[in-house]
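Source file: model.txt (compact mmCIF, C-alpha atoms)
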```txt
# COMPACT_ATOMS: atom_id res chain seq x y z
CA MET A 1 18.21 25.50 10.44
CA LEU A 2 14.45 25.93 10.82
CA THR A 3 12.92 25.16 14.21
CA PRO A 4 10.16 22.49 14.19
CA LEU A 5 7.47 25.19 14.43
CA LEU A 6 8.96 27.24 11.60
CA LEU A 7 9.33 24.09 9.53
CA VAL A 8 5.64 23.33 9.97
CA LEU A 9 4.70 26.89 9.00
CA ALA A 10 7.03 26.82 6.00
CA GLN A 11 5.57 23.57 4.74
CA ALA A 12 2.05 24.83 5.36
CA ALA A 13 2.73 27.91 3.26
CA ALA A 14 4.57 26.11 0.47
CA PRO A 15 2.54 25.89 -2.73
CA ALA A 16 1.84 22.58 -4.41
CA PRO A 17 4.14 21.90 -7.37
CA ALA A 18 3.18 23.53 -10.64
CA PRO A 19 1.85 21.22 -13.37
CA ALA A 20 4.54 19.59 -15.46
CA ASP A 21 5.79 21.63 -18.39
CA PRO A 22 4.62 20.35 -21.79
CA VAL A 23 7.91 18.61 -22.61
CA THR A 24 8.03 16.77 -19.29
CA ALA A 25 4.32 15.95 -19.45
CA GLN A 26 4.76 14.46 -22.93
CA ARG A 27 7.80 12.49 -21.76
CA ILE A 28 5.87 11.01 -18.80
CA GLU A 29 2.84 10.23 -20.95
CA LYS A 30 5.04 8.27 -23.34
CA LEU A 31 6.95 6.55 -20.55
CA LEU A 32 3.87 5.43 -18.58
CA THR A 33 2.08 4.32 -21.73
CA ALA A 34 4.99 1.95 -22.37
CA ASN A 35 5.50 1.13 -18.67
CA PRO A 36 2.13 1.21 -16.86
CA VAL A 37 2.17 1.58 -13.09
CA ILE A 38 1.92 -1.47 -10.85
CA ASP A 39 0.57 -0.27 -7.51
CA GLY A 40 1.25 -2.46 -4.47
CA HIS A 41 -1.72 -1.52 -2.31
CA ASN A 42 -5.29 -0.26 -2.74
CA ASP A 43 -8.10 -0.69 -0.17
CA LEU A 44 -11.10 -0.41 -2.50
CA PRO A 45 -12.50 -3.83 -1.41
CA TRP A 46 -12.89 -2.75 2.21
CA GLU A 47 -14.44 0.57 1.17
CA ILE A 48 -17.02 -1.28 -0.91
CA ARG A 49 -17.70 -3.55 2.07
CA THR A 50 -18.09 -0.83 4.69
CA ARG A 51 -19.54 2.05 2.69
CA TYR A 52 -21.73 0.04 0.34
CA ALA A 53 -22.55 -3.07 2.42
CA ALA A 54 -20.36 -5.23 0.14
CA LYS A 55 -22.78 -4.58 -2.74
CA VAL A 56 -20.42 -4.43 -5.69
CA GLU A 57 -23.34 -3.60 -7.97
CA ALA A 58 -23.94 -0.40 -5.97
CA VAL A 59 -20.63 1.08 -7.13
CA ASP A 60 -20.30 1.81 -10.85
CA LEU A 61 -16.55 1.79 -11.34
CA THR A 62 -16.95 2.91 -14.96
CA LYS A 63 -17.84 6.39 -13.68
CA ASP A 64 -16.13 9.00 -11.52
CA THR A 65 -16.49 7.78 -7.94
CA SER A 66 -15.07 10.96 -6.42
CA ILE A 67 -18.48 12.62 -6.75
CA LEU A 68 -20.46 9.89 -5.00
CA PRO A 69 -22.18 10.76 -1.70
CA GLN A 70 -19.54 8.51 -0.13
CA PRO A 71 -16.63 9.33 -2.46
CA LEU A 72 -13.87 6.91 -3.41
CA GLN A 73 -10.36 7.46 -4.73
CA THR A 74 -10.55 4.67 -7.32
CA ASP A 75 -12.49 4.10 -10.54
CA ILE A 76 -11.73 2.85 -14.03
CA PRO A 77 -11.55 6.25 -15.81
CA ARG A 78 -9.05 7.55 -13.26
CA LEU A 79 -7.05 4.30 -13.33
CA ARG A 80 -6.77 4.82 -17.09
CA ARG A 81 -5.68 8.45 -16.72
CA GLY A 82 -3.18 7.40 -14.08
CA HIS A 83 -1.70 4.77 -16.44
CA VAL A 84 -2.26 1.91 -14.01
CA GLY A 85 -1.48 -1.43 -15.62
CA ALA A 86 -1.75 -3.66 -12.56
CA GLN A 87 -3.14 -3.30 -9.07
CA PHE A 88 -2.68 -5.35 -5.91
CA TRP A 89 -6.07 -5.07 -4.21
CA SER A 90 -5.79 -5.39 -0.43
CA VAL A 91 -8.15 -7.95 1.10
CA TRP A 92 -7.66 -6.32 4.48
CA ILE A 93 -9.69 -6.91 7.61
CA THR A 94 -9.35 -5.11 10.94
CA ALA A 95 -6.83 -6.51 13.41
CA ASP A 96 -9.53 -7.20 16.01
CA ILE A 97 -11.25 -9.81 13.82
CA LEU A 98 -9.64 -13.05 14.94
CA GLY A 99 -10.03 -16.81 14.82
CA PRO A 100 -12.20 -18.57 12.23
CA ARG A 101 -14.14 -15.33 11.71
CA ALA A 102 -10.95 -13.73 10.35
CA VAL A 103 -10.79 -16.41 7.66
CA GLU A 104 -14.46 -15.98 6.85
CA VAL A 105 -14.23 -12.21 6.43
CA THR A 106 -11.06 -12.53 4.34
CA LEU A 107 -12.93 -14.88 2.00
CA GLU A 108 -15.68 -12.29 1.73
CA GLU A 109 -13.07 -9.66 0.80
CA ILE A 110 -11.61 -11.96 -1.86
CA ASP A 111 -15.13 -12.42 -3.19
CA ILE A 112 -15.61 -8.65 -3.47
CA VAL A 113 -12.46 -8.36 -5.62
CA LYS A 114 -13.48 -11.22 -7.86
CA ARG A 115 -16.97 -9.78 -8.25
CA PHE A 116 -15.89 -6.28 -9.29
CA VAL A 117 -13.30 -7.74 -11.66
CA ALA A 118 -15.97 -10.00 -13.20
CA ALA A 119 -18.41 -7.06 -13.41
CA ASN A 120 -15.91 -5.09 -15.52
CA PRO A 121 -14.40 -7.65 -17.93
CA GLY A 122 -13.37 -4.99 -20.41
CA ALA A 123 -11.21 -3.26 -17.82
CA PHE A 124 -9.97 -5.90 -15.34
CA GLU A 125 -8.58 -9.43 -15.40
CA MET A 126 -7.26 -11.51 -12.51
CA ALA A 127 -3.51 -12.20 -12.59
CA GLY A 128 -1.25 -14.52 -10.64
CA THR A 129 2.21 -14.15 -12.14
CA ALA A 130 4.51 -11.54 -13.65
CA ALA A 131 3.84 -13.12 -17.05
CA ASP A 132 0.09 -12.71 -16.48
CA ILE A 133 0.58 -9.01 -15.79
CA ARG A 134 2.50 -8.51 -19.03
CA ARG A 135 -0.08 -10.45 -21.05
CA ILE A 136 -3.06 -8.65 -19.52
CA GLU A 137 -1.50 -5.21 -19.96
CA LYS A 138 -0.90 -5.95 -23.64
CA SER A 139 -4.61 -6.72 -23.99
CA GLY A 140 -5.41 -3.23 -22.69
CA LYS A 141 -6.79 -4.41 -19.36
CA ILE A 142 -5.69 -3.77 -15.78
CA ALA A 143 -4.17 -6.86 -14.16
CA SER A 144 -5.72 -7.50 -10.75
CA LEU A 145 -3.91 -9.28 -7.94
CA MET A 146 -4.63 -9.58 -4.22
CA GLY A 147 -2.71 -9.15 -0.99
CA VAL A 148 -3.74 -10.26 2.51
CA GLU A 149 -2.89 -7.44 4.94
CA GLY A 150 -2.23 -9.21 8.21
CA GLY A 151 -1.06 -12.60 9.43
CA HIS A 152 -4.05 -12.78 11.80
CA GLN A 153 -6.07 -13.56 8.67
CA ILE A 154 -4.71 -17.13 8.45
CA ASP A 155 -5.81 -17.95 12.03
CA GLY A 156 -2.49 -19.65 12.74
CA ARG A 157 -2.99 -22.23 9.99
CA LEU A 158 -0.63 -22.80 7.07
CA SER A 159 -3.42 -24.71 5.34
CA VAL A 160 -5.36 -21.43 5.17
CA LEU A 161 -2.29 -19.65 3.78
CA ARG A 162 -2.08 -22.23 1.00
CA ARG A 163 -5.76 -21.94 0.16
CA TYR A 164 -5.49 -18.14 -0.06
CA TYR A 165 -2.74 -18.65 -2.62
CA ASP A 166 -5.01 -20.99 -4.59
CA LEU A 167 -7.66 -18.22 -4.61
CA GLY A 168 -5.20 -15.72 -6.09
CA VAL A 169 -3.53 -14.04 -3.11
CA ARG A 170 0.05 -13.20 -4.03
CA TYR A 171 1.36 -11.49 -0.92
CA MET A 172 0.68 -11.48 2.79
CA THR A 173 1.62 -8.67 5.17
CA LEU A 174 2.88 -10.55 8.21
CA THR A 175 1.12 -8.26 10.71
CA HIS A 176 -1.25 -5.36 10.63
CA THR A 177 -1.42 -3.04 13.66
CA SER A 178 -1.41 -5.72 16.38
CA SER A 179 1.37 -8.11 17.29
CA LEU A 180 0.71 -11.83 16.86
CA PRO A 181 2.08 -14.77 18.85
CA TRP A 182 4.45 -15.36 15.94
CA ALA A 183 5.30 -11.87 14.56
CA ASP A 184 5.47 -8.37 16.04
CA ALA A 185 3.78 -5.26 14.66
CA SER A 186 5.40 -1.83 14.56
CA THR A 187 2.53 -0.25 16.49
CA ASP A 188 2.09 -2.76 19.32
CA GLU A 189 4.04 -4.33 22.16
CA PRO A 190 6.25 -7.24 21.05
CA ARG A 191 5.06 -10.79 21.67
CA SER A 192 7.58 -12.88 19.75
CA GLY A 193 10.72 -10.77 19.74
CA GLY A 194 10.70 -10.75 15.94
CA LEU A 195 9.62 -14.12 14.56
CA SER A 196 8.71 -17.18 16.61
CA PRO A 197 9.55 -20.66 15.26
CA PHE A 198 6.06 -20.73 13.75
CA GLY A 199 6.67 -17.31 12.19
CA LYS A 200 9.77 -18.68 10.49
CA GLN A 201 7.66 -21.56 9.19
CA VAL A 202 5.18 -19.05 7.75
CA VAL A 203 7.98 -17.30 5.86
CA GLY A 204 9.35 -20.64 4.67
CA GLU A 205 5.96 -21.79 3.43
CA MET A 206 5.38 -18.49 1.64
CA ASN A 207 8.72 -18.99 -0.11
CA ARG A 208 7.75 -22.55 -1.03
CA ILE A 209 4.38 -21.70 -2.58
CA GLY A 210 5.49 -18.45 -4.24
CA MET A 211 3.70 -15.90 -2.06
CA ILE A 212 5.59 -12.63 -1.53
CA VAL A 213 6.47 -11.82 2.08
CA ASP A 214 5.22 -8.29 2.78
CA ILE A 215 6.96 -6.49 5.63
CA SER A 216 4.87 -3.30 5.79
CA HIS A 217 3.51 -2.78 9.34
CA VAL A 218 5.94 -5.17 11.04
CA SER A 219 8.38 -4.18 13.79
CA ASP A 220 12.04 -3.58 13.05
CA ALA A 221 12.94 -6.82 14.84
CA THR A 222 10.46 -8.79 12.74
CA LEU A 223 11.70 -7.21 9.52
CA ALA A 224 15.31 -8.11 10.40
CA ALA A 225 14.26 -11.65 11.30
CA VAL A 226 12.44 -12.06 7.99
CA LEU A 227 15.49 -10.93 6.03
CA ALA A 228 17.59 -13.47 7.94
CA VAL A 229 15.40 -16.46 6.99
CA THR A 230 13.71 -15.71 3.66
CA LYS A 231 14.98 -17.40 0.52
CA ALA A 232 13.23 -14.89 -1.73
CA PRO A 233 13.10 -11.09 -2.04
CA VAL A 234 10.55 -9.31 0.14
CA MET A 235 8.24 -6.39 -0.53
CA ALA A 236 6.99 -3.52 1.58
CA SER A 237 3.66 -3.07 -0.17
CA HIS A 238 2.98 0.42 1.24
CA SER A 239 5.74 1.89 3.40
CA SER A 240 7.84 5.03 3.45
CA ALA A 241 11.09 6.29 5.03
CA ARG A 242 11.22 6.82 8.80
CA ALA A 243 14.11 9.28 8.47
CA LEU A 244 11.71 11.73 6.79
CA ASP A 245 8.63 10.98 8.89
CA ASN A 246 8.96 9.28 12.27
CA ALA A 247 5.95 7.02 11.89
CA PRO A 248 6.66 3.65 13.55
CA ARG A 249 5.43 1.74 10.50
CA ASN A 250 7.92 3.52 8.24
CA ILE A 251 11.27 1.81 7.63
CA PRO A 252 14.57 3.03 9.15
CA ASP A 253 17.64 3.58 7.00
CA ASP A 254 19.57 0.46 8.01
CA LEU A 255 16.64 -1.79 7.09
CA LEU A 256 16.04 0.07 3.83
CA ALA A 257 19.63 -0.78 2.90
CA ALA A 258 19.09 -4.38 4.02
CA ILE A 259 15.99 -4.71 1.83
CA GLY A 260 18.10 -3.50 -1.08
CA LYS A 261 20.68 -6.21 -0.37
CA ASN A 262 17.88 -8.76 -0.21
CA GLY A 263 16.78 -7.69 -3.70
CA GLY A 264 13.38 -6.64 -2.40
CA VAL A 265 11.26 -3.59 -3.14
CA VAL A 266 9.90 -0.78 -0.94
CA MET A 267 6.65 0.56 -2.40
CA VAL A 268 6.09 4.13 -1.22
CA ASN A 269 2.89 5.01 0.65
CA PHE A 270 1.04 8.27 -0.16
CA TYR A 271 -0.79 8.81 3.17
CA PRO A 272 0.13 12.31 4.46
CA SER A 273 0.68 11.03 8.01
CA PHE A 274 3.32 8.59 6.73
CA VAL A 275 5.18 10.96 4.40
CA SER A 276 5.14 14.38 6.12
CA GLN A 277 6.31 14.92 9.69
CA ALA A 278 4.80 18.40 9.55
CA TRP A 279 1.40 17.00 8.55
CA ARG A 280 1.67 14.25 11.16
CA ASP A 281 2.35 16.81 13.89
CA TRP A 282 -0.46 19.06 12.62
CA ASP A 283 -2.90 16.14 12.56
CA LYS A 284 -2.06 15.20 16.15
CA ALA A 285 -2.60 18.79 17.28
CA ARG A 286 -5.89 18.89 15.34
CA THR A 287 -7.07 15.62 16.86
CA ASP A 288 -6.08 16.73 20.37
CA TYR A 289 -7.99 19.98 19.91
CA ALA A 290 -11.09 18.21 18.60
CA LYS A 291 -11.04 15.90 21.62
CA SER A 292 -10.63 18.83 24.00
CA VAL A 293 -13.83 20.46 22.72
CA GLY A 294 -15.80 17.24 22.40
CA ALA A 295 -15.82 17.25 18.60
CA SER A 296 -14.96 14.52 16.13
CA ALA A 297 -11.65 14.79 14.26
CA GLU A 298 -13.28 13.27 11.20
CA PRO A 299 -14.07 13.97 8.49
CA TYR A 300 -11.35 16.13 6.99
CA GLY A 301 -12.20 18.97 4.62
CA PRO A 302 -15.16 21.36 4.53
CA ASN A 303 -17.49 18.91 6.28
CA ALA A 304 -15.38 18.85 9.44
CA ALA A 305 -17.00 19.96 12.70
CA ALA A 306 -17.33 23.73 13.07
CA PRO A 307 -14.87 24.03 16.00
CA VAL A 308 -12.31 22.02 14.04
CA LEU A 309 -12.75 24.24 10.98
CA ALA A 310 -12.26 27.29 13.20
CA TRP A 311 -9.05 25.77 14.59
CA GLU A 312 -7.81 25.03 11.06
CA SER A 313 -8.30 28.65 10.04
CA SER A 314 -5.48 29.65 12.38
CA HIS A 315 -3.49 26.43 11.98
CA PRO A 316 -3.09 25.91 8.21
CA GLU A 317 -2.76 22.33 7.03
CA PRO A 318 0.81 21.61 5.84
CA ILE A 319 1.02 21.01 2.11
CA VAL A 320 1.61 17.39 1.12
CA SER A 321 2.17 16.92 -2.59
CA SER A 322 3.91 14.85 -5.22
CA ALA A 323 7.14 16.58 -4.13
CA THR A 324 6.68 15.13 -0.63
CA ILE A 325 6.24 11.64 -2.06
CA ALA A 326 9.24 12.17 -4.34
CA ASP A 327 11.37 12.98 -1.29
CA HIS A 328 10.63 9.48 0.06
CA VAL A 329 11.26 7.84 -3.30
CA ASP A 330 14.61 9.64 -3.53
CA HIS A 331 15.59 8.76 0.03
CA ILE A 332 14.70 5.08 -0.32
CA ALA A 333 16.49 4.90 -3.65
CA LYS A 334 19.67 6.28 -2.07
CA LEU A 335 19.62 3.61 0.65
CA ALA A 336 18.15 0.58 -1.12
CA GLY A 337 18.91 1.46 -4.75
CA ARG A 338 16.73 2.76 -7.55
CA ALA A 339 16.07 -0.84 -8.56
CA ASN A 340 14.44 -1.47 -5.18
CA VAL A 341 11.71 1.14 -4.92
CA GLY A 342 8.13 1.09 -6.18
CA ILE A 343 4.64 2.55 -5.71
CA GLY A 344 2.20 1.45 -2.98
CA SER A 345 -0.25 4.33 -2.76
CA ASP A 346 -2.74 3.03 -0.16
CA TYR A 347 -5.54 4.81 -2.03
CA ASP A 348 -8.97 4.24 -0.49
CA GLY A 349 -7.17 3.35 2.71
CA ILE A 350 -5.91 6.82 3.65
CA ASN A 351 -8.89 8.29 5.47
CA GLY A 352 -10.03 10.74 2.82
CA THR A 353 -6.74 12.63 2.79
CA SER A 354 -4.17 12.58 0.03
CA PRO A 355 -1.39 14.64 -1.57
CA LYS A 356 -2.92 17.82 -2.96
CA ASP A 357 -2.01 17.07 -6.58
CA MET A 358 -2.54 13.31 -6.28
CA THR A 359 -6.05 12.97 -4.89
CA GLY A 360 -6.87 9.65 -6.56
CA VAL A 361 -5.58 6.94 -8.85
CA ASP A 362 -5.18 9.42 -11.72
CA GLY A 363 -2.40 11.17 -9.78
CA TYR A 364 0.65 9.02 -10.54
CA PRO A 365 1.91 11.13 -13.51
CA ALA A 366 2.48 14.08 -11.15
CA LEU A 367 4.96 12.02 -9.11
CA PHE A 368 6.81 10.80 -12.18
CA ALA A 369 7.01 14.34 -13.57
CA GLU A 370 8.47 15.55 -10.26
CA LEU A 371 11.12 12.81 -10.31
CA ALA A 372 11.90 13.59 -13.94
CA ARG A 373 12.55 17.20 -12.91
CA ARG A 374 14.97 15.83 -10.32
CA GLY A 375 16.99 14.00 -12.94
CA TRP A 376 15.57 10.48 -12.87
CA SER A 377 16.22 8.66 -16.13
CA ASP A 378 13.55 6.89 -18.15
CA VAL A 379 15.13 3.55 -17.21
CA ASP A 380 14.89 4.32 -13.49
CA LEU A 381 11.35 5.68 -13.82
CA ALA A 382 10.27 2.55 -15.68
CA GLY A 383 11.70 0.46 -12.84
CA LEU A 384 9.79 2.52 -10.28
CA ALA A 385 6.57 2.17 -12.25
CA ARG A 386 6.68 -1.59 -12.74
CA GLY A 387 10.06 -3.14 -13.51
CA ASN A 388 11.24 -3.44 -9.92
CA ILE A 389 8.18 -5.25 -8.57
CA LEU A 390 8.04 -7.48 -11.66
CA ARG A 391 11.63 -8.52 -10.96
CA VAL A 392 10.73 -9.37 -7.36
CA MET A 393 7.73 -11.38 -8.50
CA GLU A 394 9.81 -13.33 -11.01
CA LYS A 395 12.44 -14.13 -8.38
CA VAL A 396 9.76 -15.25 -5.89
CA GLU A 397 8.28 -17.47 -8.61
CA ALA A 398 11.75 -18.89 -9.37
CA VAL A 399 12.38 -19.70 -5.71
CA ALA A 400 9.02 -21.48 -5.51
CA LYS A 401 9.86 -23.47 -8.63
CA ALA A 402 13.18 -24.52 -7.08
CA MET A 403 11.34 -25.63 -3.92
CA ALA A 404 8.57 -27.45 -5.79
CA GLY A 405 9.79 -30.88 -4.68
CA MET A 406 9.48 -30.03 -1.00
CA PRO A 407 6.33 -31.15 0.83
CA PRO A 408 4.03 -28.60 2.49
CA ILE A 409 5.27 -27.49 5.88
CA ASP A 410 3.38 -29.20 8.69
CA ALA A 411 3.42 -26.67 11.49
CA THR A 412 3.79 -28.55 14.75
CA ASP A 413 3.80 -25.50 17.00
CA ARG A 414 0.72 -23.68 15.75
CA PRO A 415 0.10 -20.68 18.04
```

What would the structure in this file look like if it were written as structure tokens?
Amino acid sequence: MLTPLLLVLAQAAAPAPAPADPVTAQRIEKLLTANPVIDGHNDLPWEIRTRYAAKVEAVDLTKDTSILPQPLQTDIPRLRRGHVGAQFWSVWITADILGPRAVEVTLEEIDIVKRFVAANPGAFEMAGTAADIRRIEKSGKIASLMGVEGGHQIDGRLSVLRRYYDLGVRYMTLTHTSSLPWADASTDEPRSGGLSPFGKQVVGEMNRIGMIVDISHVSDATLAAVLAVTKAPVMASHSSARALDNAPRNIPDDLLAAIGKNGGVVMVNFYPSFVSQAWRDWDKARTDYAKSVGASAEPYGPNAAAPVLAWESSHPEPIVSSATIADHVDHIAKLAGRANVGIGSDYDGINGTSPKDMTGVDGYPALFAELARRGWSDVDLAGLARGNILRVMEKVEAVAKAMAGMPPIDATDRP
């Protein structure tokens, strides 16, 4: 068995996977043409807000955005090459924006999505249901949906949750990085011990209106509590396996199996820190060194501070590639089932780092080729690409239809 240090060195020296052989490449091209990818999480709206002052017109998504002075990982040509048929755009805001301001900024994020969709009518169309996705994909466009990434964004009001749904939001991540009075985050001290009574009302109201409960970022106790009360399948919009990378926001094996029993879907994140323990350890050492010499740990790459670049020359960055992502897909599939795993890349939310052969939204075919080499069937690959999340959406819609006669929940214990 390799020691931790030798494991890091071995992964650092390992080459990225070779391009798919022509037969596999042709197979994946055919498969993804028939079964376009539905990605559960992309942070382009926040990047447009922070890098381009929310000026949608300043970012021409019809051209390669990787060469911009402030490069992005998403644009229409690369979405096409990546065979993306539908995208959940995250309308994320930072966890320190609270109260009525959180609602206001979320509305601004929703507006950014609707503006870039409207600015590119030949490429994008807003969707709200699984049927919408199928219809829009057949028209040759990319179906666009939205997800709220943090329960703080409703400001403790179910009325706000309902209005987000009316505006097109189709999932809400119950927490981001900070615990709430009603739900605990994986990276903060607990405040509710899982879900408070109000937290259970939030889940119930999401079930009633047909909004998917997203359990990425939540604590283990909160995830277990959600599974105990939800009437519909859940999603993890961008999470990976803790057994392979001990990041707190990754999901442990017992809860992966429980999500499978719930009929939910775990959509695998591509961020190196969440998929490679070796990279995570390297990044911590790099950050600690930068701090010790008074340098910034950002950015990554050739524009890093000179002392950091010097440190990197003797501490090679571990290779993270499509094979690393495939390890998580395989592991989750073994615990939850191949019908319960999907893709949640987190592109434009992963700090300028990415798997070496999957640097932007054109990278999905590399992952599917790697899984094909590992023996995944076309049926299972089609489920990973889109079938599994479509099934979850349809079940969530069916639960909402069955609950249609129930009145809106009137939360009497608002936090």

**Asked** Can you list, as number ranges by chain, every protein, DNA or RNA residue that comes within 6 Å of region 226-236 of chain A when you count all atoms listed in the file, leaving out same-chain residues fewer than 6 positions away?
**Response** A: 213-216, 262-267, 396

**Prompt:** Which residue gives the smallest distance to Gly363 (chain A) among A:Ala25, A:Ala58, A:Ala304, A:Leu79, with all atoms listed in the file counted?
**Reply:** A:Leu79

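In this model, the gap between CA of Thr65 (chain A) and CA of Leu384 (chain A) comes to 26.9 Å.
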
**Nearest to His315 (chain A), chosen from A:Ala285, A:Leu223, A:Ala295, A:Leu44, with all atoms listed in the file counted in the distances** = A:Ala285

**Residues within 10 Å of Glu137 (chain A), all atoms listed in the file, excluding chain neighbours under 2 positions, as a ChimeraX atom specification** = /A:34-36,84-86,124-125,131-135,139-143

**Asked** Skipping near chain neighbours, those fewer than 3 positions away, what residues fall within 7 Å of His41 (chain A) using only C-alpha atoms, listed as an MDAnalysis selection string?
**Response** chainID A and resid 88:90 237:238 344:346

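Interatomic distance, CA of Val160 (chain A) against CA of Gly342 (chain A): 28.6 Å.
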
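The two atoms in question, CA of Gly337 (chain A) and CA of Arg374 (chain A), are spaced 15.9 Å apart.
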
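Nearest-residue note for Ser276 (chain A): choosing from A:Arg27, A:Arg115, A:Lys334, A:His328, the minimum distance belongs to A:His328, counting only C-alpha atoms.
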
**Asked** Which residues come within 8 Å of Glu205 (chain A), counting only C-alpha atoms, excluding same-chain residues fewer than 2 positions away, as a VMD selection string?
**Response** chain A and resid 158 201 to 203 207 to 209 408 to 409

**Message:** So that I can check the surroundings of Pro71 (chain A), please list as a PyMOL selection string every protein, DNA and RNA residue that reaches within 10 Å of it, counting only C-alpha atoms and ignoring chain neighbours fewer than 4 positions away.
**Reply:** chain A and resi 47+51+64-67+348+352

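Residue nearest Met393 (chain A), chosen from A:Thr129, A:Thr177, A:Gln70, A:Asn250 and counting all atoms listed in the file: A:Thr129.
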
**Request:** Pull the neighbourhood of (7.2, -5.4, 14.2) for me: all residues within 10 Å in file coordinates, counting all atoms listed in the file, as a VMD selection string.
**Result:** chain A and resid 174 to 180 183 to 195 215 to 225 248 to 249

Only C-alpha atoms, please: the residues just picked out, written as a compact mmCIF listing (two decimals), keeping the file's coordinate frame.
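To be explicit, this is the file written out as again.txt:
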```
# COMPACT_ATOMS: atom_id res chain seq x y z
CA LEU A 174 2.88 -10.55 8.21
CA THR A 175 1.12 -8.26 10.71
CA HIS A 176 -1.25 -5.36 10.63
CA THR A 177 -1.42 -3.04 13.66
CA SER A 178 -1.41 -5.72 16.38
CA SER A 179 1.37 -8.11 17.29
CA LEU A 180 0.71 -11.83 16.86
CA ALA A 183 5.30 -11.87 14.56
CA ASP A 184 5.47 -8.37 16.04
CA ALA A 185 3.78 -5.26 14.66
CA SER A 186 5.40 -1.83 14.56
CA THR A 187 2.53 -0.25 16.49
CA ASP A 188 2.09 -2.76 19.32
CA GLU A 189 4.04 -4.33 22.16
CA PRO A 190 6.25 -7.24 21.05
CA ARG A 191 5.06 -10.79 21.67
CA SER A 192 7.58 -12.88 19.75
CA GLY A 193 10.72 -10.77 19.74
CA GLY A 194 10.70 -10.75 15.94
CA LEU A 195 9.62 -14.12 14.56
CA ILE A 215 6.96 -6.49 5.63
CA SER A 216 4.87 -3.30 5.79
CA HIS A 217 3.51 -2.78 9.34
CA VAL A 218 5.94 -5.17 11.04
CA SER A 219 8.38 -4.18 13.79
CA ASP A 220 12.04 -3.58 13.05
CA ALA A 221 12.94 -6.82 14.84
CA THR A 222 10.46 -8.79 12.74
CA LEU A 223 11.70 -7.21 9.52
CA ALA A 224 15.31 -8.11 10.40
CA ALA A 225 14.26 -11.65 11.30
CA PRO A 248 6.66 3.65 13.55
CA ARG A 249 5.43 1.74 10.50
```
